[in-house]
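my_file29.txt (compact mmCIF, C-alpha atoms) appears below.
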```txt
# COMPACT_ATOMS: atom_id res chain seq x y z
CA MET X 1 2.40 2.17 29.16
CA SER X 2 3.26 5.88 29.19
CA ASP X 3 1.60 8.15 31.75
CA ALA X 4 -0.07 10.09 28.92
CA SER X 5 -1.57 6.92 27.43
CA PHE X 6 -2.90 5.81 30.78
CA GLU X 7 -4.43 9.24 31.41
CA GLN X 8 -6.20 8.99 28.06
CA LEU X 9 -7.52 5.56 29.02
CA GLY X 10 -8.88 7.00 32.26
CA ASP X 11 -10.55 9.87 30.41
CA PHE X 12 -12.11 7.42 27.97
CA LEU X 13 -13.46 5.17 30.73
CA ARG X 14 -15.01 8.13 32.54
CA ALA X 15 -16.69 9.34 29.35
CA CYS X 16 -18.07 5.86 28.60
CA ARG X 17 -19.29 5.41 32.18
CA ALA X 18 -21.24 8.67 31.92
CA ARG X 19 -23.06 7.36 28.85
CA VAL X 20 -24.34 4.15 30.51
CA GLY X 21 -27.33 4.36 32.85
CA PRO X 22 -28.09 1.83 35.61
CA GLU X 23 -31.20 0.73 33.74
CA ASP X 24 -28.97 -0.18 30.76
CA VAL X 25 -27.18 -2.85 32.80
CA GLY X 26 -30.09 -4.07 34.93
CA LEU X 27 -29.30 -2.11 38.09
CA PRO X 28 -32.05 -0.53 40.21
CA VAL X 29 -32.50 3.22 39.81
CA PHE X 30 -34.07 3.94 43.23
CA GLY X 31 -32.08 5.03 46.25
CA ARG X 32 -29.99 8.09 46.92
CA LYS X 33 -29.99 10.78 44.29
CA ARG X 34 -27.31 10.40 41.67
CA ARG X 35 -24.88 13.28 41.50
CA VAL X 36 -23.20 12.18 38.29
CA ALA X 37 -24.46 11.10 34.89
CA GLY X 38 -24.35 7.41 34.13
CA LEU X 39 -23.01 4.66 36.34
CA ARG X 40 -21.13 5.19 39.58
CA ARG X 41 -17.56 3.94 39.81
CA GLU X 42 -18.52 1.30 42.36
CA GLU X 43 -21.20 -0.01 40.01
CA VAL X 44 -18.72 -0.45 37.18
CA ALA X 45 -16.31 -2.17 39.58
CA GLN X 46 -19.06 -4.52 40.73
CA LEU X 47 -20.11 -5.35 37.18
CA ALA X 48 -16.48 -5.93 36.13
CA GLY X 49 -15.60 -7.99 39.20
CA VAL X 50 -12.75 -5.74 40.35
CA SER X 51 -12.24 -3.74 43.52
CA VAL X 52 -13.58 -0.21 43.64
CA ASP X 53 -10.12 1.11 44.55
CA TYR X 54 -8.56 -0.58 41.53
CA TYR X 55 -11.16 0.82 39.13
CA VAL X 56 -10.78 4.29 40.65
CA ARG X 57 -7.03 4.10 40.02
CA LEU X 58 -7.70 3.20 36.38
CA GLU X 59 -9.93 6.23 35.86
CA GLN X 60 -7.43 8.48 37.61
CA GLY X 61 -4.56 7.28 35.45
CA ARG X 62 -2.76 5.76 38.42
CA GLY X 63 -3.20 2.08 37.66
CA GLN X 64 -0.49 0.05 36.00
CA HIS X 65 -0.24 -3.30 34.24
CA VAL X 66 -3.97 -3.74 33.72
CA SER X 67 -4.60 -7.32 32.64
CA ASP X 68 -6.36 -8.52 29.51
CA ALA X 69 -9.08 -10.12 31.64
CA VAL X 70 -9.79 -6.85 33.45
CA LEU X 71 -9.96 -4.91 30.18
CA ASP X 72 -12.43 -7.45 28.81
CA ALA X 73 -14.55 -7.24 31.95
CA ILE X 74 -14.61 -3.44 31.95
CA GLY X 75 -15.50 -3.39 28.27
CA ARG X 76 -18.49 -5.62 28.99
CA ALA X 77 -19.52 -3.60 32.03
CA LEU X 78 -19.49 -0.37 30.05
CA ARG X 79 -21.29 -2.01 27.11
CA LEU X 80 -18.62 -0.91 24.65
CA ASP X 81 -19.36 -1.51 20.99
CA PRO X 82 -16.68 -3.20 18.85
CA THR X 83 -15.12 0.12 17.80
CA GLU X 84 -15.02 1.45 21.36
CA TYR X 85 -13.61 -1.86 22.58
CA GLU X 86 -10.79 -1.74 20.03
CA HIS X 87 -10.13 1.89 20.97
CA MET X 88 -9.84 0.96 24.66
CA TRP X 89 -7.24 -1.67 23.77
CA ASP X 90 -5.27 0.80 21.64
CA LEU X 91 -5.11 3.15 24.65
CA ALA X 92 -4.23 0.39 27.10
CA ARG X 93 -1.68 -1.30 24.83
CA PRO X 94 0.02 1.47 22.81
CA THR X 95 3.02 -0.77 22.17
CA ARG X 96 0.92 -3.01 19.94
CA THR X 97 0.38 -0.07 17.57
CA SER X 98 3.96 1.20 17.63
CA ALA X 99 5.04 -1.50 15.19
CA ARG X 100 2.70 -0.21 12.48
CA GLN X 101 4.49 1.06 9.42
CA VAL X 102 4.65 4.80 8.98
CA ALA X 103 1.75 5.72 6.74
CA PRO X 104 2.69 7.21 3.36
CA SER X 105 2.19 10.95 2.99
CA THR X 106 1.40 10.65 -0.72
CA ALA X 107 -0.61 8.21 -2.82
CA ARG X 108 1.38 6.07 -5.25
CA PRO X 109 0.78 6.66 -8.99
CA GLY X 110 -1.30 3.52 -9.37
CA VAL X 111 -3.80 4.85 -6.83
CA GLN X 112 -4.27 7.99 -8.91
CA VAL X 113 -4.92 5.85 -11.99
CA LEU X 114 -7.55 3.97 -10.00
CA LEU X 115 -9.18 7.21 -8.86
CA ASP X 116 -9.31 8.54 -12.42
CA ARG X 117 -11.13 5.40 -13.57
CA ILE X 118 -13.86 5.67 -10.92
CA ASP X 119 -16.98 7.21 -12.42
CA ALA X 120 -17.95 8.96 -9.19
CA PRO X 121 -16.40 11.48 -6.80
CA ALA X 122 -13.55 9.69 -5.01
CA PHE X 123 -10.55 10.67 -2.92
CA VAL X 124 -7.89 9.12 -0.67
CA LEU X 125 -7.39 10.02 2.97
CA GLY X 126 -4.12 9.53 4.83
CA ARG X 127 -3.20 9.96 8.48
CA CYS X 128 -4.84 12.82 10.36
CA MET X 129 -7.52 12.96 7.61
CA ASP X 130 -5.17 14.54 5.04
CA VAL X 131 -6.54 14.35 1.49
CA LEU X 132 -3.70 12.81 -0.52
CA ALA X 133 -5.31 12.31 -3.94
CA TRP X 134 -8.63 12.80 -5.71
CA ASN X 135 -10.31 12.53 -9.09
CA ALA X 136 -11.91 15.22 -11.23
CA SER X 137 -15.41 14.45 -9.96
CA ALA X 138 -14.36 14.94 -6.35
CA ASP X 139 -12.58 18.14 -7.30
CA ALA X 140 -15.75 19.48 -8.91
CA VAL X 141 -17.68 18.91 -5.70
CA MET X 142 -15.06 19.80 -3.09
CA GLY X 143 -12.76 22.26 -4.85
CA LEU X 144 -9.63 20.44 -3.67
CA SER X 145 -7.27 21.69 -6.36
CA ALA X 146 -8.06 25.29 -5.40
CA MET X 147 -7.03 24.70 -1.78
CA ALA X 148 -3.55 25.26 -0.43
CA PRO X 149 -1.84 21.93 0.37
CA HIS X 150 -2.19 22.36 4.15
CA GLU X 151 -5.92 23.04 3.72
CA ARG X 152 -6.52 19.65 2.08
CA ASN X 153 -7.46 18.05 5.36
CA MET X 154 -11.03 17.05 6.19
CA ALA X 155 -10.78 18.05 9.85
CA ARG X 156 -9.23 21.45 9.10
CA HIS X 157 -11.88 22.10 6.46
CA ALA X 158 -14.73 21.15 8.81
CA PHE X 159 -13.53 23.29 11.73
CA LEU X 160 -11.31 26.04 10.35
CA SER X 161 -12.69 26.88 6.92
CA ASP X 162 -14.97 29.90 6.68
CA ASP X 163 -16.88 27.94 4.05
CA ALA X 164 -17.60 24.85 6.19
CA GLY X 165 -20.99 25.97 7.52
CA ARG X 166 -22.26 26.50 4.00
CA PHE X 167 -20.59 23.45 2.45
CA TYR X 168 -21.98 21.09 5.12
CA PRO X 169 -25.68 21.84 5.69
CA ASP X 170 -25.60 19.18 8.45
CA TRP X 171 -22.44 20.60 9.99
CA GLU X 172 -23.06 19.35 13.54
CA ARG X 173 -23.22 15.73 12.38
CA VAL X 174 -20.17 16.10 10.15
CA ALA X 175 -18.22 17.70 12.99
CA ALA X 176 -19.10 14.93 15.45
CA ASP X 177 -18.24 12.20 12.93
CA THR X 178 -14.95 13.89 12.10
CA VAL X 179 -13.83 14.14 15.72
CA ALA X 180 -14.92 10.56 16.46
CA PHE X 181 -12.71 9.27 13.67
CA LEU X 182 -9.78 11.51 14.71
CA ARG X 183 -10.00 10.05 18.24
CA LEU X 184 -9.81 6.55 16.82
CA ASP X 185 -6.90 7.43 14.53
CA ALA X 186 -4.98 9.13 17.35
CA ALA X 187 -5.09 6.06 19.61
CA ARG X 188 -3.97 3.77 16.79
CA HIS X 189 -0.76 5.75 16.37
CA SER X 190 0.05 6.96 19.87
CA PRO X 191 2.21 8.89 20.38
CA ASP X 192 1.88 11.02 17.24
CA THR X 193 3.24 14.56 17.23
CA ARG X 194 1.39 15.45 14.01
CA MET X 195 -1.94 14.45 15.47
CA ALA X 196 -1.20 16.31 18.70
CA ALA X 197 -0.36 19.45 16.73
CA LEU X 198 -3.57 19.12 14.70
CA VAL X 199 -5.69 18.76 17.85
CA GLU X 200 -4.11 21.88 19.33
CA GLU X 201 -4.65 23.79 16.08
CA LEU X 202 -8.32 22.82 15.90
CA SER X 203 -8.84 23.56 19.60
CA ALA X 204 -7.37 27.04 19.22
CA GLY X 205 -9.13 27.78 15.95
CA ASN X 206 -12.68 26.72 16.77
CA PRO X 207 -14.26 26.63 20.26
CA ARG X 208 -16.69 23.94 19.14
CA PHE X 209 -13.93 21.39 18.59
CA ARG X 210 -12.71 20.81 22.15
CA PRO X 211 -16.04 19.76 23.72
CA LEU X 212 -16.42 17.13 20.97
CA TRP X 213 -12.84 15.94 21.50
CA ASP X 214 -13.31 15.71 25.27
CA ALA X 215 -16.47 13.61 24.84
CA HIS X 216 -14.26 10.68 23.72
CA GLN X 217 -16.72 9.39 21.14
CA VAL X 218 -15.08 7.07 18.60
CA ALA X 219 -16.34 5.80 15.25
CA GLU X 220 -14.94 4.16 12.14
CA LYS X 221 -15.30 5.92 8.82
CA THR X 222 -17.02 3.08 6.98
CA HIS X 223 -20.13 4.19 5.12
CA GLY X 224 -23.04 6.57 5.41
CA THR X 225 -24.79 9.46 3.76
CA LYS X 226 -23.72 13.04 3.43
CA ARG X 227 -25.30 16.30 2.35
CA LEU X 228 -23.04 18.81 0.60
CA ARG X 229 -23.52 22.24 -0.89
CA PRO X 230 -20.90 22.99 -3.60
CA ALA X 231 -20.01 26.49 -4.68
CA ASP X 232 -22.83 26.60 -7.24
CA GLY X 233 -25.39 26.57 -4.41
CA SER X 234 -26.97 23.20 -5.23
CA VAL X 235 -27.51 20.65 -2.45
CA LEU X 236 -26.17 17.15 -3.05
CA ASP X 237 -27.46 14.14 -1.11
CA THR X 238 -25.20 11.15 -1.62
CA ALA X 239 -24.08 7.89 0.01
CA TYR X 240 -20.43 7.02 0.51
CA GLU X 241 -18.30 3.92 1.13
CA THR X 242 -14.82 3.83 2.63
CA LEU X 243 -12.26 1.11 1.79
CA SER X 244 -8.71 0.50 3.02
CA PHE X 245 -5.79 -0.56 0.85
CA PRO X 246 -4.17 -3.95 1.49
CA GLY X 247 -0.63 -3.23 2.62
CA ASP X 248 -1.49 0.42 3.40
CA PRO X 249 -4.27 0.15 6.03
CA ASP X 250 -3.90 3.81 6.99
CA LEU X 251 -4.89 4.95 3.49
CA LEU X 252 -8.63 5.12 2.96
CA LEU X 253 -10.46 5.32 -0.36
CA VAL X 254 -13.70 7.29 -0.03
CA VAL X 255 -16.19 6.97 -2.89
CA TYR X 256 -19.59 8.61 -3.27
CA THR X 257 -21.29 5.43 -4.38
CA THR X 258 -24.53 6.85 -5.75
CA ALA X 259 -24.92 9.61 -8.27
CA PRO X 260 -25.51 12.72 -6.16
CA ARG X 261 -29.17 13.68 -6.05
CA VAL X 262 -29.30 17.37 -6.81
CA ARG X 263 -31.82 19.38 -4.84
CA THR X 264 -32.71 23.00 -5.39
CA ALA X 265 -30.87 25.22 -2.98
CA PRO X 266 -33.12 26.95 -0.42
CA ALA X 267 -33.70 30.67 -0.63
CA GLU X 268 -31.57 31.22 2.45
CA LEU X 269 -28.45 29.29 3.31
CA SER X 270 -28.42 27.19 6.45
CA ALA X 271 -27.93 29.25 9.57
CA THR X 272 -25.47 26.68 10.80
CA ALA X 273 -21.97 28.12 10.83
CA ALA X 274 -18.99 26.06 11.85
CA ARG X 275 -17.10 28.97 13.37
CA ASN X 276 -19.92 30.39 15.53
```

Would you give me this structure, written as structure tokens?
Amino acid sequence: MSDASFEQLGDFLRACRARVGPEDVGLPVFGRKRRVAGLRREEVAQLAGVSVDYYVRLEQGRGQHVSDAVLDAIGRALRLDPTEYEHMWDLARPTRTSARQVAPSTARPGVQVLLDRIDAPAFVLGRCMDVLAWNASADAVMGLSAMAPHERNMARHAFLSDDAGRFYPDWERVAADTVAFLRLDAARHSPDTRMAALVEELSAGNPRFRPLWDAHQVAEKTHGTKRLRPADGSVLDTAYETLSFPGDPDLLLVVYTTAPRVRTAPAELSATAARN
């Protein structure tokens, strides 16, 4: 494992440890005052059945050749959900992801035909959340064809566009979800110079990005609801589903599955601004 990968694993373990309280794992909460959020290192070591020194080395990025059994035990001790567990393994075993095929940077013509036949806003995401293709309905909502090619990226739009705070009335939730998926994508393709450059660009362009990135939250982009405000000022509440393509698992088809419910725009736009 590269030193950088192991450092990222240590950062992830520390962030997860801070999110688990002793009461979550059946440990007593009385005793000396806790100086850190979440579990202590020795508590995680005890729960995982490893020495405190060994677990400390893992968090400090100094451990090597961590075994499958230890990873499993730490995942259980930190109460990782399936997505977090998979992310931990991607960080600890980057060689298992290196054999993935390079994701296409464009959508094949047949995908565009599929998009055009979907009677709902739909678009295709590639690596780093680039928007590779879309249909007319999605264009009407998101204005993709009016964007410069480098701007057709969901993360750049959320954090660097002057319009993001207006377009996403629930900007804080969108921002957190975006970063959580970027974290997951980055570990699946480590090392990735394009992702590293994107992270640096977002960190430099918006001070609200880096704290979210450093929190090490991870989440799949599977389904959910989203509130959007297109250029006409209306507010759209819609659900979405995300599907992967067999043979191209790094391409994601995002479809707004219900007809957007149009609500009257408020007299004043949301005070939330992505670039504050």

Atomic distance atom CA of X:Glu84 - atom CA of X:Thr222, expressed in Å with one decimal
14.6 Å

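Candidate residues X:Arg229, X:Arg93, X:His189, X:Arg40 were compared for distance to X:Ala164, and the nearest is X:Arg229, using all atoms listed in the file.
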
Within 12 Å of (-12.7, 11.4, -9.6) (coordinates as in the file), grab all the protein and nucleic acid residues, counting all atoms listed in the file, and write them out as a CSV table (one decimal) with C-alpha atoms, keeping the file's coordinate frame.
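File produced: point_9.csv:
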```
chain,number,residue,atom,x,y,z
X,111,VAL,CA,-3.8,4.8,-6.8
X,112,GLN,CA,-4.3,8.0,-8.9
X,113,VAL,CA,-4.9,5.8,-12.0
X,114,LEU,CA,-7.6,4.0,-10.0
X,115,LEU,CA,-9.2,7.2,-8.9
X,116,ASP,CA,-9.3,8.5,-12.4
X,117,ARG,CA,-11.1,5.4,-13.6
X,118,ILE,CA,-13.9,5.7,-10.9
X,119,ASP,CA,-17.0,7.2,-12.4
X,120,ALA,CA,-18.0,9.0,-9.2
X,121,PRO,CA,-16.4,11.5,-6.8
X,122,ALA,CA,-13.6,9.7,-5.0
X,123,PHE,CA,-10.6,10.7,-2.9
X,124,VAL,CA,-7.9,9.1,-0.7
X,133,ALA,CA,-5.3,12.3,-3.9
X,134,TRP,CA,-8.6,12.8,-5.7
X,135,ASN,CA,-10.3,12.5,-9.1
X,136,ALA,CA,-11.9,15.2,-11.2
X,137,SER,CA,-15.4,14.4,-10.0
X,138,ALA,CA,-14.4,14.9,-6.4
X,139,ASP,CA,-12.6,18.1,-7.3
X,140,ALA,CA,-15.8,19.5,-8.9
X,141,VAL,CA,-17.7,18.9,-5.7
X,142,MET,CA,-15.1,19.8,-3.1
X,143,GLY,CA,-12.8,22.3,-4.8
X,144,LEU,CA,-9.6,20.4,-3.7
X,253,LEU,CA,-10.5,5.3,-0.4
X,254,VAL,CA,-13.7,7.3,0.0
X,255,VAL,CA,-16.2,7.0,-2.9
X,256,TYR,CA,-19.6,8.6,-3.3
X,257,THR,CA,-21.3,5.4,-4.4
```

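Atom CA of X:Gly38 sits 5.4 Å away from atom CA of X:Arg19.
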
In Å to one decimal, how far is atom CA of X:Glu23 from atom CA of X:Asp90?
28.6 Å

Which residue out of X:Leu202, X:Leu132, X:Leu228, X:Leu160 has the minimum interatomic distance to X:Arg108 when all atoms listed in the file are used?
X:Leu132

Determine the nearest neighbour of X:Thr238 from the options X:Cys16, X:Ala73, X:Gly224, X:Tyr55, counting only C-alpha atoms.
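The closest residue to X:Thr238 is X:Gly224.
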
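Distance check against X:Phe159 using all atoms listed in the file: of X:Pro207, X:Gly110, X:Pro230, X:Gly10, the minimum falls on X:Pro207.
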
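Distances to X:Ala180 were evaluated for X:Thr83, X:Gln60, X:Gln217, X:Ser234 using all atoms listed in the file, and the minimum falls at X:Gln217.
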
So that I can see what lies close to X:Phe209, please list as an MDAnalysis selection string the residues with an atom at most 9 Å from it, counting all atoms listed in the file and leaving out residues fewer than 4 positions away in the same chain.
chainID X and resid 159 175:176 179 199 202:205 213:214

Among listed residues X:Asp130, X:Asp53, X:Glu86, X:Asp163, nearest X:Ala219 (using only C-alpha atoms)
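Selected residue with least distance to X:Ala219: X:Glu86.
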